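Q: Dropping a structure here in structure tokens format, bear with me for questions.
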Amino acid sequence: MPVEGGKTDMERIGLFSEMEYVTVGDKYVSQFNRPFNEAASKNRQMLPGGSKEMSHLQAGYFDPHFVRIFEGEGYVNLNQVRRRHMMEEAKKNLGKAFLPSNGDKKLCGLGSYYGTIGRPVPFFSAQSKPKEKYEPPGKNLYTNPGKKGTGYGYANVTIGKQFSHSADFYDAAKLNDKKENEEHHRLLKGTPFKLNLYPREYFDTNPYLFEKPLPPIKKAEKKEALANPFKPSSPGKKWLGSILIVRIKRHL
């Protein structure tokens, strides 16, 4: 609602309601007199200690002193650890170690059975066995003995018969055309028929063709030139009017 004697909200800002006032009655403080970052000048501040340069000294690391991975450990002998492990495993044995009655027998050559449990197997013997006499099977039925060659450049190799040789003249086609042309002209009677009323094309193949007879050539008439140039009978006379007027004035 508009205040008595004031403007409406729409006339002031253009909104449906009047905006709230953030500060009412506060004193104005100039931006030059305002302190900048007051918290930076109060209490203790965080001091990083300055930048560190990369080096192999302790100052180049985050920790103040060198930290070991294992600190205070004793020296361990690996051989001693293995022996202890073997002794603990040996305690688990119930008796002595197994020993075979006889030692291993070594082979005295390839294919020998020395040192094996069984005896030689007769099926693996290298001796030849008695065999029956080989009788080759009979030949198959042949209709014709095999022909040598692949068919290219060999005679009487294919299924059909070989083509017989026939001579051919060098200009046989040319001679045949000549004979046919002569026979055609022999059957012709008279000259070819031509009709005068046959329509012609609008544009002739020869642009300079003219059927009407040309008129006789006109010879240009030659004018006879004068032997001597024209000369007037007397030369031109000058106008003397101004001279006469001057003389008359002197006499007067």
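FYI, nothing fancy with the structure tokens labels: chains A, B, ... in order, residues from 1 per chain, ligands from 1 as they appear.
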Please run DSSP on the backbone and report, as a list in words, all residues within segment 63-231 of chain A that come out as alpha helix (DSSP H).
A: Leu78, Asn79, Gln80, Val81, Arg82, Arg83, Arg84, His85, Met86, Met87, Glu88, Glu89, Ala90, Ala172, Ala173, Lys174, Leu175, Asn176, Asp177, Lys178, Lys179, Glu180, Asn181, Glu182, Glu183, His184, His185, Arg186 and Leu187 of chain A
Q: Would you compute the distance between atom CA of Phe124 of chain A and atom CA of Lys105 of chain A? Give it in Å to one decimal.
A: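 Atom-to-atom, atom CA of Phe124 of chain A to atom CA of Lys105 of chain A, that is 21.9 Å.
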Q: May I have the residues within 12 Å of segment 112-115 of chain A as JSON, numbers by chain, using only C-alpha atoms and disregarding those fewer than 4 positions away in the same chain?
A: {"A": [102, 103, 104, 105, 106, 107, 108, 119, 120, 121, 124, 125]}
Q: Mind dumping the selected residues with C-alpha atoms as a short mmCIF file (atom, residue, chain, number, x, y, z; two decimals), in the first residue's frame?
A:
```cif
data_model
loop_
_atom_site.label_atom_id
_atom_site.label_comp_id
_atom_site.auth_asym_id
_atom_site.auth_seq_id
_atom_site.Cartn_x
_atom_site.Cartn_y
_atom_site.Cartn_z
CA ASN A 102 70.71 -102.02 -4.25
CA GLY A 103 72.08 -98.97 -5.95
CA ASP A 104 71.00 -97.64 -9.30
CA LYS A 105 72.16 -99.57 -12.35
CA LYS A 106 73.38 -97.61 -15.30
CA LEU A 107 72.57 -98.51 -18.89
CA CYS A 108 75.27 -100.04 -20.98
CA ARG A 119 63.04 -109.21 -19.41
CA PRO A 120 63.31 -108.40 -23.13
CA VAL A 121 59.96 -108.14 -24.92
CA PHE A 124 60.15 -105.19 -29.80
CA SER A 125 62.84 -107.42 -31.28
#
```
Q: How many Å separate atom CA of Pro213 of chain A from atom CA of Phe193 of chain A?
A: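 That distance, rounded to one decimal, is 26.4 Å.
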